[in-house]
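See below for target_21.txt, which holds compact mmCIF, C-alpha atoms and all ligand atoms.
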# COMPACT_ATOMS: atom_id res chain seq x y z
CA MET A 132 0.00 0.00 0.00
CA LYS A 133 1.19 3.52 -0.82
CA ASP A 134 2.30 5.48 2.26
CA PHE A 135 0.44 8.57 3.35
CA SER A 136 2.90 11.34 2.58
CA THR A 137 0.47 14.24 2.14
CA ILE A 138 -2.84 14.46 3.99
CA LEU A 139 -5.29 17.22 3.11
CA VAL A 140 -7.77 18.20 5.82
CA ALA A 141 -10.71 20.48 5.01
CA VAL A 142 -11.28 23.02 7.77
CA ASP A 143 -14.43 25.15 8.00
CA PHE A 144 -13.92 25.95 11.73
CA SER A 145 -16.97 23.89 12.80
CA ASP A 146 -16.83 21.34 15.67
CA SER A 147 -17.14 18.59 13.10
CA SER A 148 -14.13 19.75 11.10
CA GLN A 149 -12.15 20.27 14.33
CA ASN A 150 -12.83 16.64 15.15
CA ALA A 151 -11.78 15.53 11.65
CA PHE A 152 -8.66 17.69 11.93
CA GLU A 153 -7.64 15.94 15.18
CA LEU A 154 -7.79 12.56 13.47
CA ALA A 155 -5.87 13.92 10.45
CA LEU A 156 -3.17 15.30 12.76
CA ASN A 157 -2.86 11.95 14.53
CA MET A 158 -2.45 10.23 11.18
CA ALA A 159 0.10 12.80 9.97
CA ASN A 160 2.12 12.19 13.14
CA LYS A 161 1.88 8.44 12.80
CA TYR A 162 2.88 8.37 9.12
CA SER A 163 5.29 11.36 9.26
CA ALA A 164 3.11 12.94 6.60
CA ARG A 165 2.80 16.56 5.57
CA LEU A 166 -0.54 17.98 6.71
CA VAL A 167 -2.24 20.58 4.51
CA LEU A 168 -5.11 22.50 6.09
CA LEU A 169 -7.48 23.86 3.47
CA HIS A 170 -10.15 26.47 4.02
CA VAL A 171 -12.42 27.51 1.16
CA ILE A 172 -14.05 30.92 1.19
CA ASN A 173 -17.48 29.91 -0.03
CA GLU A 174 -18.17 32.32 -2.81
CA PRO A 175 -21.72 32.58 -4.07
CA VAL A 176 -22.08 33.79 -7.64
CA ASP A 177 -24.02 36.90 -6.57
CA LEU A 178 -21.09 38.18 -4.54
CA ARG A 179 -19.37 38.84 -7.87
CA GLY A 180 -20.22 42.55 -7.92
CA PHE A 181 -23.82 42.29 -9.16
CA TYR A 182 -25.51 44.28 -6.37
CA VAL A 183 -22.69 46.48 -5.12
CA PRO A 184 -20.36 48.86 -6.89
CA HIS A 185 -17.09 47.28 -7.91
CA ILE A 186 -14.90 49.24 -5.48
CA SER A 187 -16.86 48.39 -2.31
CA PHE A 188 -17.10 44.80 -3.47
CA GLU A 189 -13.31 44.58 -3.76
CA LYS A 190 -12.95 45.98 -0.24
CA LEU A 191 -15.42 43.43 1.09
CA GLU A 192 -13.53 40.61 -0.60
CA GLU A 193 -10.24 41.81 0.93
CA GLU A 194 -11.80 41.95 4.39
CA ILE A 195 -13.25 38.47 4.03
CA GLU A 196 -9.85 37.13 2.97
CA GLU A 197 -8.10 38.85 5.88
CA GLY A 198 -10.70 37.51 8.32
CA ALA A 199 -10.29 33.97 6.98
CA LYS A 200 -6.52 34.22 7.24
CA LYS A 201 -6.75 35.42 10.86
CA MET A 202 -9.07 32.52 11.74
CA MET A 203 -6.72 30.03 10.11
CA ASP A 204 -3.64 31.50 11.86
CA SER A 205 -5.37 31.32 15.21
CA PHE A 206 -6.56 27.75 14.49
CA CYS A 207 -2.97 26.70 13.65
CA ARG A 208 -1.55 28.40 16.76
CA GLN A 209 -4.08 26.66 18.99
CA ASN A 210 -3.92 23.22 17.41
CA LEU A 211 -0.50 22.66 15.93
CA SER A 212 2.03 23.53 18.59
CA GLY A 213 4.93 21.08 18.33
CA PHE A 214 3.97 19.96 14.81
CA ASP A 215 5.89 21.72 12.02
CA ASN A 216 5.21 19.66 8.94
CA TYR A 217 2.11 21.53 7.85
CA GLU A 218 0.92 24.34 5.64
CA SER A 219 -2.36 26.17 5.35
CA VAL A 220 -4.11 27.10 2.13
CA ILE A 221 -7.04 29.48 1.72
CA VAL A 222 -8.82 29.72 -1.62
CA PRO A 223 -12.14 31.14 -2.81
CA GLY A 224 -14.67 28.97 -4.61
CA LEU A 225 -17.10 26.15 -4.09
CA PRO A 226 -15.92 24.06 -1.11
CA TYR A 227 -16.39 20.61 -2.65
CA GLU A 228 -14.77 21.61 -5.97
CA GLN A 229 -11.80 23.26 -4.29
CA ILE A 230 -11.28 20.42 -1.82
CA ILE A 231 -10.98 17.97 -4.72
CA GLN A 232 -8.97 20.33 -6.95
CA GLN A 233 -6.47 21.26 -4.24
CA GLY A 234 -6.15 17.61 -3.26
CA GLU A 235 -5.23 16.75 -6.85
CA GLN A 236 -2.82 19.68 -7.20
CA LEU A 237 -1.04 18.66 -4.01
CA SER A 238 -1.08 14.98 -5.01
CA ALA A 239 -2.63 14.30 -1.61
CA ASP A 240 -2.81 10.66 -0.58
CA LEU A 241 -5.90 11.24 1.53
CA ILE A 242 -8.58 13.88 2.01
CA VAL A 243 -10.05 14.12 5.52
CA LEU A 244 -13.25 16.01 6.30
CA GLY A 245 -16.11 16.07 8.75
CA THR A 246 -19.50 14.59 7.91
CA HIS A 247 -21.08 17.93 8.85
CA GLY A 248 -20.08 21.53 8.72
CA ARG A 249 -21.26 24.89 9.92
CA THR A 250 -24.77 24.41 8.51
CA GLY A 251 -25.47 21.79 11.21
CA LEU A 252 -28.29 19.73 9.68
CA ASP A 253 -27.68 16.77 11.96
CA HIS A 254 -30.69 14.89 10.66
CA VAL A 255 -28.97 14.21 7.36
CA LEU A 256 -26.32 11.51 7.16
CA PHE A 257 -23.90 13.71 5.23
CA GLY A 258 -23.66 17.45 4.68
CA SER A 259 -23.59 18.48 1.05
CA THR A 260 -19.86 19.18 0.86
CA ALA A 261 -19.03 15.83 2.42
CA GLU A 262 -21.44 14.02 0.12
CA LYS A 263 -20.12 15.66 -3.06
CA VAL A 264 -16.47 15.12 -2.14
CA VAL A 265 -17.13 11.43 -1.40
CA ARG A 266 -19.03 11.00 -4.68
CA LYS A 267 -16.71 12.93 -6.98
CA SER A 268 -13.17 12.70 -5.60
CA PRO A 269 -10.74 10.46 -7.47
CA LEU A 270 -8.58 10.53 -4.32
CA PRO A 271 -9.28 8.46 -1.20
CA VAL A 272 -11.58 10.30 1.24
CA LEU A 273 -12.01 9.76 4.96
CA THR A 274 -15.11 11.30 6.57
CA VAL A 275 -15.26 11.65 10.34
CA ARG A 276 -18.49 11.83 12.27
CA LEU A 277 -18.55 13.85 15.48
CA GLN A 278 -19.99 11.70 18.28
CA GLU A 279 -22.25 13.83 20.43
CA ASP A 280 -23.16 12.42 23.84
P1 LIG B 301 -20.82 20.06 5.04
O1 LIG B 301 -20.95 18.91 4.09
O2 LIG B 301 -20.88 21.42 4.41
O3 LIG B 301 -21.78 19.94 6.21
O4 LIG B 301 -19.35 20.01 5.64
C1 LIG B 301 -18.70 18.78 5.86
C2 LIG B 301 -17.21 19.00 6.04
O5 LIG B 301 -16.69 19.57 4.84
C3 LIG B 301 -16.78 19.96 7.16
O6 LIG B 301 -16.70 19.30 8.43
C4 LIG B 301 -15.40 20.38 6.66
O7 LIG B 301 -14.45 19.35 6.95
C5 LIG B 301 -15.62 20.43 5.14
N1 LIG B 301 -15.99 21.78 4.68
C6 LIG B 301 -17.23 22.31 4.50
N2 LIG B 301 -17.16 23.59 4.09
C7 LIG B 301 -15.84 23.88 3.99
C8 LIG B 301 -15.09 25.05 3.63
N3 LIG B 301 -15.71 26.18 3.28
N4 LIG B 301 -13.74 24.99 3.66
C9 LIG B 301 -13.11 23.85 4.03
N5 LIG B 301 -13.75 22.73 4.39
C10 LIG B 301 -15.09 22.73 4.36

Write the structure described by the file as structure tokens, please.
Amino acid sequence: MKDFSTILVAVDFSDSSQNAFELALNMANKYSARLVLLHVINEPVDLRGFYVPHISFEKLEEEIEEGAKKMMDSFCRQNLSGFDNYESVIVPGLPYEQIIQQGEQLSADLIVLGTHGRTGLDHVLFGSTAEKVVRKSPLPVLTVRLQED
């Protein structure tokens, strides 16, 4: 079996992705793999300057990017002390598409994500990002369900 040398974990800052991240970090430690944390700025089509003048839209986009970067930096500081073999990537787009695309670009050996994200929807087995990544990814995918007592 091919070793895990690069593990991509999809982080949306929900409890479910935190839980998936912890498993991904354990695996990265165990296999001495590089861990790539990916956050996708979910970009609906209508944010593309349709309702707001171009200039204020650009400012909004910059602020969103800065906010996402701050959240990712703080996540890494809190969760990765003592582990250096990682990088974080933030891209705009559709989460499921970007998770698969970045996984392919990085030649990841495994994609790890939570079964649910920030939308909650606990009554469904899979959230929509999880479901689409599992259905469409050519790379191996590990989904992690958060056990709530
Ligand atoms: P969902 O299917 O949207 O409920 O989310 C399931 C999992 O997909 C989450 O636990 C994350 O691991 C991942 N995910 C969802 N949205 C994003 C995002 N915007 N960026 C990175 N990962 C995401």

Determine, using only C-alpha atoms and all ligand atoms, which residues of chain A have any atom at most 10 Å from an atom of ligand LIG 301 (chain B), and tabulate each with its shortest atom pair and distance in Å to one decimal place, rows ordered by chain and then rising number, as CSV.
residue,atom,partner,partner_atom,distance
A:Val140,CA,B:LIG301,O7,6.9
A:Ala141,CA,B:LIG301,N5,3.8
A:Val142,CA,B:LIG301,N5,4.2
A:Asp143,CA,B:LIG301,C9,4.4
A:Phe144,CA,B:LIG301,C4,7.7
A:Ser145,CA,B:LIG301,O6,6.3
A:Asp146,CA,B:LIG301,O6,7.5
A:Ser147,CA,B:LIG301,O6,4.7
A:Ser148,CA,B:LIG301,O6,3.7
A:Gln149,CA,B:LIG301,O6,7.5
A:Asn150,CA,B:LIG301,O6,8.2
A:Ala151,CA,B:LIG301,O7,6.6
A:Phe152,CA,B:LIG301,O7,7.8
A:Leu168,CA,B:LIG301,C9,8.4
A:Leu169,CA,B:LIG301,C9,5.7
A:His170,CA,B:LIG301,N4,3.9
A:Val171,CA,B:LIG301,N4,3.8
A:Ile172,CA,B:LIG301,N3,5.4
A:Asn173,CA,B:LIG301,N3,5.3
A:Glu174,CA,B:LIG301,N3,9.0
A:Val220,CA,B:LIG301,C9,9.8
A:Ile221,CA,B:LIG301,N4,8.3
A:Val222,CA,B:LIG301,N4,8.6
A:Pro223,CA,B:LIG301,N3,8.6
A:Gly224,CA,B:LIG301,N3,8.4
A:Leu225,CA,B:LIG301,N3,7.5
A:Pro226,CA,B:LIG301,N3,4.9
A:Tyr227,CA,B:LIG301,C6,7.4
A:Gln229,CA,B:LIG301,N4,8.4
A:Ile230,CA,B:LIG301,C9,7.0
A:Ile242,CA,B:LIG301,O7,9.4
A:Val243,CA,B:LIG301,O7,7.0
A:Leu244,CA,B:LIG301,O7,3.6
A:Gly245,CA,B:LIG301,O6,3.3
A:Thr246,CA,B:LIG301,C1,4.7
A:His247,CA,B:LIG301,O3,3.4
A:Gly248,CA,B:LIG301,O3,3.4
A:Arg249,CA,B:LIG301,O3,6.2
A:Thr250,CA,B:LIG301,O3,5.8
A:Gly251,CA,B:LIG301,O3,6.5
A:Leu252,CA,B:LIG301,O3,7.4
A:Asp253,CA,B:LIG301,O3,8.8
A:Val255,CA,B:LIG301,O3,9.3
A:Leu256,CA,B:LIG301,O3,9.6
A:Phe257,CA,B:LIG301,O1,6.1
A:Gly258,CA,B:LIG301,O1,3.1
A:Ser259,CA,B:LIG301,O1,4.0
A:Thr260,CA,B:LIG301,O1,3.4
A:Ala261,CA,B:LIG301,O1,4.0
A:Glu262,CA,B:LIG301,O1,6.3
A:Lys263,CA,B:LIG301,O1,7.9
A:Val264,CA,B:LIG301,O5,8.3
A:Thr274,CA,B:LIG301,C2,8.0
A:Val275,CA,B:LIG301,O6,8.0
A:Arg276,CA,B:LIG301,O6,8.6
A:Leu277,CA,B:LIG301,O6,9.1

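The spacing separating atom CA of A:Glu228 from atom CA of A:Ser268 amounts to 9.1 Å.
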
With distances taken over all atoms listed in the file, the candidate from A:Thr137, A:Ser238, A:Ser187, A:Gln233 nearest A:Met158 is A:Thr137

As a check of understanding: the span from atom CA of A:Val272 to atom CA of A:Tyr162 is 16.6 Å

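You will find atom CA of A:Leu154 at 22.5 Å from atom CA of A:Ala199.
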
Using all atoms of stretch 162-175 of chain A listed in the file and a margin of 3 Å per side, can you give the axis-aligned box centre and edge lengths in Å to one decimal, as AutoDock Vina command-line options?
--center_x -8.2 --center_y 20.5 --center_z 2.6 --size_x 33.0 --size_y 30.2 --size_z 19.3

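Look at A:Leu237: the protein and nucleic acid residues within 9 Å of it, using only C-alpha atoms and passing over chain neighbours fewer than 5 places away, are A:Thr137, A:Leu139, A:Val167, A:Gln232.
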
Restrict the selected residues to C-alpha atoms and save them as a compact mmCIF listing (two decimals), keeping the file's coordinate frame.
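Written output follows (again_2.txt):
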# COMPACT_ATOMS: atom_id res chain seq x y z
CA THR A 137 0.47 14.24 2.14
CA LEU A 139 -5.29 17.22 3.11
CA VAL A 167 -2.24 20.58 4.51
CA GLN A 232 -8.97 20.33 -6.95

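Proximity to A:Tyr217 was assessed for A:Ala159, A:Val265, A:Leu241, A:Ile231 counting only C-alpha atoms; the smallest distance is recorded for A:Ala159.
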
>> Show me the residues around (2.4, 11.0, 3.0) - criterion: an atom at most 9 Å away, only C-alpha atoms counted - as a PyMOL selection string.
In response: chain A and resi 133-138+159+162-166+239-241
